[in-house]
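Trainee: structure37.cif (mmCIF, N, CA and C atoms and all ligand atoms) pasted underneath:
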```cif
data_target
loop_
_atom_site.label_atom_id
_atom_site.label_comp_id
_atom_site.auth_asym_id
_atom_site.auth_seq_id
_atom_site.Cartn_x
_atom_site.Cartn_y
_atom_site.Cartn_z
N MET A 1 -74.61 -39.75 49.91
CA MET A 1 -74.45 -38.67 48.95
C MET A 1 -73.53 -39.14 47.83
N THR A 2 -73.91 -38.85 46.62
CA THR A 2 -73.09 -39.20 45.47
C THR A 2 -72.39 -37.94 44.96
N VAL A 3 -71.09 -38.03 44.77
CA VAL A 3 -70.32 -36.92 44.23
C VAL A 3 -69.87 -37.31 42.82
N GLU A 4 -70.22 -36.46 41.86
CA GLU A 4 -69.81 -36.71 40.49
C GLU A 4 -68.71 -35.73 40.13
N ARG A 5 -67.60 -36.26 39.63
CA ARG A 5 -66.49 -35.39 39.25
C ARG A 5 -66.26 -35.53 37.75
N ASN A 6 -66.02 -34.39 37.11
CA ASN A 6 -65.81 -34.38 35.68
C ASN A 6 -64.52 -33.66 35.33
N VAL A 7 -63.97 -33.97 34.19
CA VAL A 7 -62.81 -33.29 33.66
C VAL A 7 -63.27 -32.50 32.45
N VAL A 8 -62.98 -31.19 32.44
CA VAL A 8 -63.38 -30.33 31.34
C VAL A 8 -62.12 -29.82 30.64
N VAL A 9 -62.07 -30.00 29.32
CA VAL A 9 -60.93 -29.52 28.54
C VAL A 9 -61.42 -28.75 27.33
N SER A 10 -60.58 -27.82 26.89
CA SER A 10 -60.87 -27.08 25.67
C SER A 10 -60.03 -27.68 24.54
N ILE A 11 -60.29 -27.27 23.34
CA ILE A 11 -59.49 -27.75 22.20
C ILE A 11 -58.03 -27.37 22.40
N GLU A 12 -57.78 -26.21 23.01
CA GLU A 12 -56.40 -25.77 23.25
C GLU A 12 -55.68 -26.70 24.23
N ASP A 13 -56.43 -27.41 25.06
CA ASP A 13 -55.83 -28.33 26.04
C ASP A 13 -55.40 -29.65 25.40
N ILE A 14 -55.90 -29.95 24.24
CA ILE A 14 -55.60 -31.24 23.61
C ILE A 14 -54.19 -31.18 23.04
N ARG A 15 -53.31 -32.05 23.55
CA ARG A 15 -51.93 -32.07 23.06
C ARG A 15 -51.76 -33.02 21.88
N ALA A 16 -52.43 -34.15 21.96
CA ALA A 16 -52.23 -35.16 20.93
C ALA A 16 -53.51 -35.99 20.78
N LEU A 17 -53.63 -36.64 19.65
CA LEU A 17 -54.72 -37.58 19.42
C LEU A 17 -54.11 -38.96 19.22
N ILE A 18 -54.81 -39.96 19.70
CA ILE A 18 -54.35 -41.33 19.57
C ILE A 18 -55.31 -42.06 18.64
N PHE A 19 -54.77 -42.60 17.58
CA PHE A 19 -55.56 -43.39 16.64
C PHE A 19 -55.23 -44.86 16.92
N GLU A 20 -56.24 -45.60 17.34
CA GLU A 20 -56.01 -46.99 17.70
C GLU A 20 -56.63 -47.89 16.64
N CYS A 21 -55.79 -48.71 16.03
CA CYS A 21 -56.26 -49.65 15.02
C CYS A 21 -57.17 -50.68 15.67
N LYS A 22 -58.26 -51.01 15.02
CA LYS A 22 -59.19 -52.00 15.57
C LYS A 22 -58.81 -53.43 15.22
N THR A 23 -57.75 -53.60 14.42
CA THR A 23 -57.22 -54.95 14.23
C THR A 23 -56.65 -55.39 15.56
N LYS A 24 -57.01 -56.61 16.00
CA LYS A 24 -56.64 -57.06 17.34
C LYS A 24 -55.14 -56.92 17.60
N ASP A 25 -54.79 -56.28 18.72
CA ASP A 25 -53.41 -56.12 19.20
C ASP A 25 -52.49 -55.51 18.14
N CYS A 26 -52.97 -54.57 17.35
CA CYS A 26 -52.15 -54.03 16.25
C CYS A 26 -51.32 -52.83 16.69
N ALA A 27 -51.92 -51.63 16.70
CA ALA A 27 -51.08 -50.46 16.92
C ALA A 27 -51.90 -49.26 17.38
N ARG A 28 -51.17 -48.35 18.01
CA ARG A 28 -51.71 -47.03 18.32
C ARG A 28 -50.78 -46.01 17.69
N LEU A 29 -51.37 -45.02 17.04
CA LEU A 29 -50.59 -43.94 16.43
C LEU A 29 -50.92 -42.66 17.19
N THR A 30 -49.92 -42.09 17.86
CA THR A 30 -50.12 -40.86 18.61
C THR A 30 -49.51 -39.71 17.83
N LEU A 31 -50.33 -38.71 17.52
CA LEU A 31 -49.85 -37.54 16.77
C LEU A 31 -50.17 -36.28 17.55
N LEU A 32 -49.21 -35.36 17.62
CA LEU A 32 -49.48 -34.07 18.21
C LEU A 32 -50.57 -33.39 17.41
N LEU A 33 -51.50 -32.74 18.10
CA LEU A 33 -52.59 -32.08 17.38
C LEU A 33 -52.04 -31.06 16.39
N SER A 34 -50.94 -30.40 16.77
CA SER A 34 -50.34 -29.38 15.89
C SER A 34 -49.78 -29.99 14.61
N ALA A 35 -49.59 -31.30 14.59
CA ALA A 35 -49.02 -31.96 13.41
C ALA A 35 -50.08 -32.60 12.53
N ILE A 36 -51.34 -32.59 12.98
CA ILE A 36 -52.40 -33.26 12.22
C ILE A 36 -53.10 -32.25 11.32
N THR A 37 -53.00 -32.46 10.04
CA THR A 37 -53.74 -31.63 9.10
C THR A 37 -54.77 -32.44 8.33
N LYS A 38 -54.62 -33.76 8.37
CA LYS A 38 -55.62 -34.63 7.74
C LYS A 38 -55.66 -35.96 8.48
N PHE A 39 -56.75 -36.66 8.30
CA PHE A 39 -56.93 -37.95 8.96
C PHE A 39 -55.98 -38.98 8.36
N PRO A 40 -55.30 -39.77 9.20
CA PRO A 40 -54.42 -40.82 8.66
C PRO A 40 -55.24 -41.80 7.82
N ASP A 41 -54.82 -42.02 6.59
CA ASP A 41 -55.58 -42.86 5.67
C ASP A 41 -55.63 -44.32 6.08
N LYS A 42 -54.50 -44.81 6.65
CA LYS A 42 -54.44 -46.24 6.96
C LYS A 42 -53.55 -46.49 8.15
N CYS A 43 -53.67 -47.68 8.71
CA CYS A 43 -52.85 -48.09 9.85
C CYS A 43 -51.39 -48.19 9.38
N PRO A 44 -50.46 -47.56 10.10
CA PRO A 44 -49.05 -47.64 9.69
C PRO A 44 -48.44 -49.02 9.93
N THR A 45 -49.12 -49.88 10.69
CA THR A 45 -48.57 -51.20 10.98
C THR A 45 -49.15 -52.28 10.07
N CYS A 46 -50.48 -52.42 10.03
CA CYS A 46 -51.08 -53.52 9.24
C CYS A 46 -51.62 -53.05 7.89
N GLY A 47 -51.72 -51.73 7.71
CA GLY A 47 -52.12 -51.19 6.41
C GLY A 47 -53.61 -51.15 6.16
N VAL A 48 -54.44 -51.58 7.14
CA VAL A 48 -55.88 -51.55 6.93
C VAL A 48 -56.34 -50.09 6.78
N SER A 49 -57.29 -49.87 5.88
CA SER A 49 -57.80 -48.51 5.66
C SER A 49 -58.57 -48.04 6.89
N TRP A 50 -58.28 -46.84 7.34
CA TRP A 50 -59.01 -46.25 8.46
C TRP A 50 -60.11 -45.33 7.97
N LEU A 51 -60.26 -45.23 6.67
CA LEU A 51 -61.25 -44.31 6.13
C LEU A 51 -62.25 -45.00 5.23
N THR A 52 -62.56 -46.23 5.50
CA THR A 52 -63.56 -46.92 4.71
C THR A 52 -64.92 -46.30 5.00
N GLU A 53 -65.55 -45.80 3.95
CA GLU A 53 -66.86 -45.18 4.11
C GLU A 53 -67.91 -46.12 3.55
N PRO A 54 -68.96 -46.34 4.31
CA PRO A 54 -70.04 -47.20 3.79
C PRO A 54 -70.67 -46.58 2.54
N ARG A 55 -71.30 -47.43 1.77
CA ARG A 55 -71.96 -46.95 0.54
C ARG A 55 -73.46 -47.25 0.60
N THR A 56 -74.21 -46.38 -0.06
CA THR A 56 -75.64 -46.61 -0.16
C THR A 56 -75.90 -47.70 -1.18
N VAL A 57 -77.15 -48.12 -1.30
CA VAL A 57 -77.52 -49.15 -2.27
C VAL A 57 -77.14 -48.71 -3.69
N SER A 58 -77.24 -47.41 -3.96
CA SER A 58 -76.91 -46.90 -5.29
C SER A 58 -75.41 -46.65 -5.46
N GLY A 59 -74.60 -46.93 -4.42
CA GLY A 59 -73.15 -46.83 -4.56
C GLY A 59 -72.55 -45.51 -4.10
N GLU A 60 -73.37 -44.59 -3.60
CA GLU A 60 -72.82 -43.31 -3.14
C GLU A 60 -72.15 -43.50 -1.79
N ARG A 61 -71.03 -42.80 -1.59
CA ARG A 61 -70.31 -42.88 -0.32
C ARG A 61 -71.08 -42.13 0.77
N VAL A 62 -71.08 -42.71 1.96
CA VAL A 62 -71.70 -42.07 3.12
C VAL A 62 -70.57 -41.59 4.03
N PRO A 63 -70.34 -40.28 4.15
CA PRO A 63 -69.25 -39.79 5.00
C PRO A 63 -69.46 -40.25 6.45
N THR A 64 -68.36 -40.69 7.09
CA THR A 64 -68.45 -41.14 8.46
C THR A 64 -68.40 -39.98 9.45
N GLY A 65 -67.89 -38.86 9.05
CA GLY A 65 -67.83 -37.70 9.92
C GLY A 65 -66.54 -37.58 10.71
N ILE A 66 -65.86 -38.71 10.99
CA ILE A 66 -64.64 -38.65 11.81
C ILE A 66 -63.54 -37.89 11.08
N LYS A 67 -63.43 -38.07 9.78
CA LYS A 67 -62.41 -37.36 9.00
C LYS A 67 -62.67 -35.85 9.09
N SER A 68 -63.91 -35.45 8.91
CA SER A 68 -64.27 -34.02 8.99
C SER A 68 -64.01 -33.48 10.39
N PHE A 69 -64.32 -34.27 11.42
CA PHE A 69 -64.11 -33.84 12.80
C PHE A 69 -62.64 -33.57 13.07
N ILE A 70 -61.77 -34.51 12.68
CA ILE A 70 -60.33 -34.36 12.93
C ILE A 70 -59.80 -33.14 12.18
N GLU A 71 -60.20 -32.97 10.94
CA GLU A 71 -59.72 -31.83 10.16
C GLU A 71 -60.29 -30.52 10.70
N ALA A 72 -61.50 -30.55 11.25
CA ALA A 72 -62.09 -29.34 11.84
C ALA A 72 -61.33 -28.93 13.11
N LEU A 73 -60.82 -29.89 13.88
CA LEU A 73 -60.02 -29.55 15.06
C LEU A 73 -58.84 -28.68 14.67
N ASP A 74 -58.18 -29.01 13.56
CA ASP A 74 -57.03 -28.22 13.09
C ASP A 74 -57.48 -26.81 12.71
N ILE A 75 -58.60 -26.71 12.02
CA ILE A 75 -59.12 -25.40 11.60
C ILE A 75 -59.49 -24.56 12.82
N ILE A 76 -60.18 -25.17 13.78
CA ILE A 76 -60.61 -24.45 14.99
C ILE A 76 -59.40 -24.01 15.81
N ARG A 77 -58.40 -24.89 15.93
CA ARG A 77 -57.20 -24.57 16.71
C ARG A 77 -56.48 -23.37 16.11
N LYS A 78 -56.41 -23.30 14.78
CA LYS A 78 -55.70 -22.20 14.12
C LYS A 78 -56.52 -20.92 14.06
N ASN A 79 -57.84 -21.03 14.12
CA ASN A 79 -58.70 -19.86 14.00
C ASN A 79 -59.89 -20.01 14.95
N PRO A 80 -59.63 -19.89 16.27
CA PRO A 80 -60.71 -20.12 17.23
C PRO A 80 -61.81 -19.07 17.12
N PRO A 81 -63.04 -19.46 17.40
CA PRO A 81 -64.14 -18.49 17.36
C PRO A 81 -63.92 -17.42 18.42
N ALA A 82 -64.30 -16.18 18.10
CA ALA A 82 -64.00 -15.03 18.96
C ALA A 82 -64.85 -15.02 20.23
N ASN A 83 -66.09 -15.42 20.15
CA ASN A 83 -67.02 -15.18 21.26
C ASN A 83 -67.55 -16.42 21.96
N VAL A 84 -66.98 -17.56 21.65
CA VAL A 84 -67.43 -18.78 22.32
C VAL A 84 -66.26 -19.77 22.39
N GLN A 85 -66.26 -20.55 23.42
CA GLN A 85 -65.26 -21.61 23.56
C GLN A 85 -65.99 -22.93 23.72
N VAL A 86 -65.61 -23.91 22.96
CA VAL A 86 -66.22 -25.23 23.07
C VAL A 86 -65.37 -26.06 24.03
N LEU A 87 -66.04 -26.63 25.01
CA LEU A 87 -65.36 -27.45 26.01
C LEU A 87 -65.87 -28.88 25.92
N PHE A 88 -64.98 -29.81 26.19
CA PHE A 88 -65.35 -31.22 26.22
C PHE A 88 -65.36 -31.66 27.68
N GLU A 89 -66.41 -32.35 28.08
CA GLU A 89 -66.52 -32.80 29.46
C GLU A 89 -66.48 -34.32 29.51
N PHE A 90 -65.63 -34.83 30.39
CA PHE A 90 -65.48 -36.27 30.55
C PHE A 90 -65.70 -36.64 32.01
N ALA A 91 -66.23 -37.80 32.23
CA ALA A 91 -66.31 -38.32 33.59
C ALA A 91 -64.90 -38.63 34.06
N GLU A 92 -64.58 -38.22 35.28
CA GLU A 92 -63.25 -38.52 35.83
C GLU A 92 -63.13 -40.02 36.02
N PRO A 93 -62.02 -40.60 35.58
CA PRO A 93 -61.86 -42.04 35.78
C PRO A 93 -61.90 -42.40 37.26
N LEU A 94 -62.59 -43.47 37.57
CA LEU A 94 -62.68 -43.91 38.95
C LEU A 94 -61.52 -44.83 39.28
N ASP A 95 -61.02 -44.72 40.51
CA ASP A 95 -59.98 -45.64 40.95
C ASP A 95 -60.60 -47.03 41.08
N LYS A 96 -59.90 -48.01 40.60
CA LYS A 96 -60.42 -49.38 40.69
C LYS A 96 -59.56 -50.20 41.60
ZN ZN A 101 -53.47 -52.03 12.20
#
```
Output the structure of this file as structure tokens.
Mentor:
Amino acid sequence: MTVERNVVVSIEDIRALIFECKTKDCARLTLLLSAITKFPDKCPTCGVSWLTEPRTVSGERVPTGIKSFIEALDIIRKNPPANVQVLFEFAEPLDK
């Protein structure tokens, strides 16, 4: 028999977000969700832009969506919908 265990959290359960720079061995920036009103523009350690948006052939910016997602979390936290709750489900980490 296989038992699957999951962890379910709501937006209200999220205490902080961790932004991890993809530059090798650089930095992690942990911010309380209550303190985030906009996406961090760049890595505080190496300075690489965290908001580089790809461009189309004609030069138009293609939104990545992550900036909108992070800013939406702040909006949802301050003004939650009245009749529905959005939950995030994660697989429980397995002991190794
Ligand atoms: Zn960095």
Trainee: Compute the set of protein, DNA and RNA residues whose minimum atom distance to ligand ZN 101 (chain A) is at most 8 Å, using all atoms listed in the file, and state it as a list in words.
Mentor: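 These are the residues that qualify: Glu20, Cys21, Lys22, Thr23, Lys24, Asp25, Cys26, Ala27, Arg28, Lys42, Cys43, Pro44, Thr45, Cys46, Gly47, Val48 and Ser49 of chain A.
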Trainee: Among chain A, which ones does DSSP place in strand (DSSP E or B), written as a PyMOL selection string?
Mentor: chain A and resi 6-10+16-20+28-32+42+49+55+61+87-91
Trainee: What gap, in Å, lies between CA of Leu33 (chain A) and CA of Arg61 (chain A)?
Mentor: 27.3 Å
Trainee: Give the answer as one residue: which of A:Leu29, A:Asp13, A:Glu71, A:Thr64 has the shortest atom-to-atom distance to Thr52 (chain A), using all atoms listed in the file?
Mentor: A:Thr64
Trainee: Extract, using only C-alpha atoms, all DNA, RNA and protein residues at most 10 Å from Thr37 (chain A), discarding same-chain residues fewer than 6 positions from it, and format them as a PDB file with N, CA and C atoms, in the frame of the given file.
Mentor:
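Result saved to selection17.pdb:
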```pdb
ATOM      1  N   ILE A  70     -61.770 -34.510  12.680  1.00  0.00           N
ATOM      2  CA  ILE A  70     -60.330 -34.360  12.930  1.00  0.00           C
ATOM      3  C   ILE A  70     -59.800 -33.140  12.180  1.00  0.00           C
ATOM      4  N   GLU A  71     -60.200 -32.970  10.940  1.00  0.00           N
ATOM      5  CA  GLU A  71     -59.720 -31.830  10.160  1.00  0.00           C
ATOM      6  C   GLU A  71     -60.290 -30.520  10.700  1.00  0.00           C
ATOM      7  N   ALA A  72     -61.500 -30.550  11.250  1.00  0.00           N
ATOM      8  CA  ALA A  72     -62.090 -29.340  11.840  1.00  0.00           C
ATOM      9  C   ALA A  72     -61.330 -28.930  13.110  1.00  0.00           C
ATOM     10  N   LEU A  73     -60.820 -29.890  13.880  1.00  0.00           N
ATOM     11  CA  LEU A  73     -60.020 -29.550  15.060  1.00  0.00           C
ATOM     12  C   LEU A  73     -58.840 -28.680  14.670  1.00  0.00           C
ATOM     13  N   ASP A  74     -58.180 -29.010  13.560  1.00  0.00           N
ATOM     14  CA  ASP A  74     -57.030 -28.220  13.090  1.00  0.00           C
ATOM     15  C   ASP A  74     -57.480 -26.810  12.710  1.00  0.00           C
ATOM     16  N   ILE A  75     -58.600 -26.710  12.020  1.00  0.00           N
ATOM     17  CA  ILE A  75     -59.120 -25.400  11.600  1.00  0.00           C
ATOM     18  C   ILE A  75     -59.490 -24.560  12.820  1.00  0.00           C
TER      19      ILE A  75
END
```
Trainee: Residues at most 6.5 Å from Leu31 (chain A), counting all atoms listed in the file, excluding those fewer than 5 positions away in the same chain, as a list in words?
Mentor: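 Close residues of Leu31 (chain A): Arg15, Ala16, Leu17, Ile18, Phe19 and Ile36 of chain A.
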Trainee: So that I have them on file, write out the residues from the current selection with N, CA and C atoms, as a PDB file, in the frame of the given file.
Mentor:
```pdb
ATOM      1  N   ARG A  15     -53.310 -32.050  23.550  1.00  0.00           N
ATOM      2  CA  ARG A  15     -51.930 -32.070  23.060  1.00  0.00           C
ATOM      3  C   ARG A  15     -51.760 -33.020  21.880  1.00  0.00           C
ATOM      4  N   ALA A  16     -52.430 -34.150  21.960  1.00  0.00           N
ATOM      5  CA  ALA A  16     -52.230 -35.160  20.930  1.00  0.00           C
ATOM      6  C   ALA A  16     -53.510 -35.990  20.780  1.00  0.00           C
ATOM      7  N   LEU A  17     -53.630 -36.640  19.650  1.00  0.00           N
ATOM      8  CA  LEU A  17     -54.720 -37.580  19.420  1.00  0.00           C
ATOM      9  C   LEU A  17     -54.110 -38.960  19.220  1.00  0.00           C
ATOM     10  N   ILE A  18     -54.810 -39.960  19.700  1.00  0.00           N
ATOM     11  CA  ILE A  18     -54.350 -41.330  19.570  1.00  0.00           C
ATOM     12  C   ILE A  18     -55.310 -42.060  18.640  1.00  0.00           C
ATOM     13  N   PHE A  19     -54.770 -42.600  17.580  1.00  0.00           N
ATOM     14  CA  PHE A  19     -55.560 -43.390  16.640  1.00  0.00           C
ATOM     15  C   PHE A  19     -55.230 -44.860  16.920  1.00  0.00           C
ATOM     16  N   ILE A  36     -51.340 -32.590  12.980  1.00  0.00           N
ATOM     17  CA  ILE A  36     -52.400 -33.260  12.220  1.00  0.00           C
ATOM     18  C   ILE A  36     -53.100 -32.250  11.320  1.00  0.00           C
TER      19      ILE A  36
END
```
Trainee: How far is it from atom C of Trp50 (chain A) to atom C of Val62 (chain A), in Å with one decimal?
Mentor: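 Between atom C of Trp50 (chain A) and atom C of Val62 (chain A) the gap works out to 11.8 Å.
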Trainee: In Å, how far is it from atom C of Asp95 (chain A) to CA of Thr2 (chain A)?
Mentor: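 CA of Thr2 (chain A) lies at a distance of 15.4 Å from atom C of Asp95 (chain A).
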Trainee: Neighbouring residues of region 6-10 of chain A were defined as those with any atom within 5 Å, considering all atoms listed in the file; residues of the same chain fewer than 2 positions away were excluded. Please report them as a PyMOL selection string.
Mentor: chain A and resi 4+12-14+86-92
Trainee: Please define a box with edges along x, y and z of the file around all atoms of region 20-25 of chain A given in the file, extend it by 5 Å on each side, and return its centre and edge lengths in Å to one decimal, as AutoDock Vina command-line options.
Mentor:
```
--center_x -55.8 --center_y -51.3 --center_z 16.7 --size_x 16.7 --size_y 21.5 --size_z 15.0
```
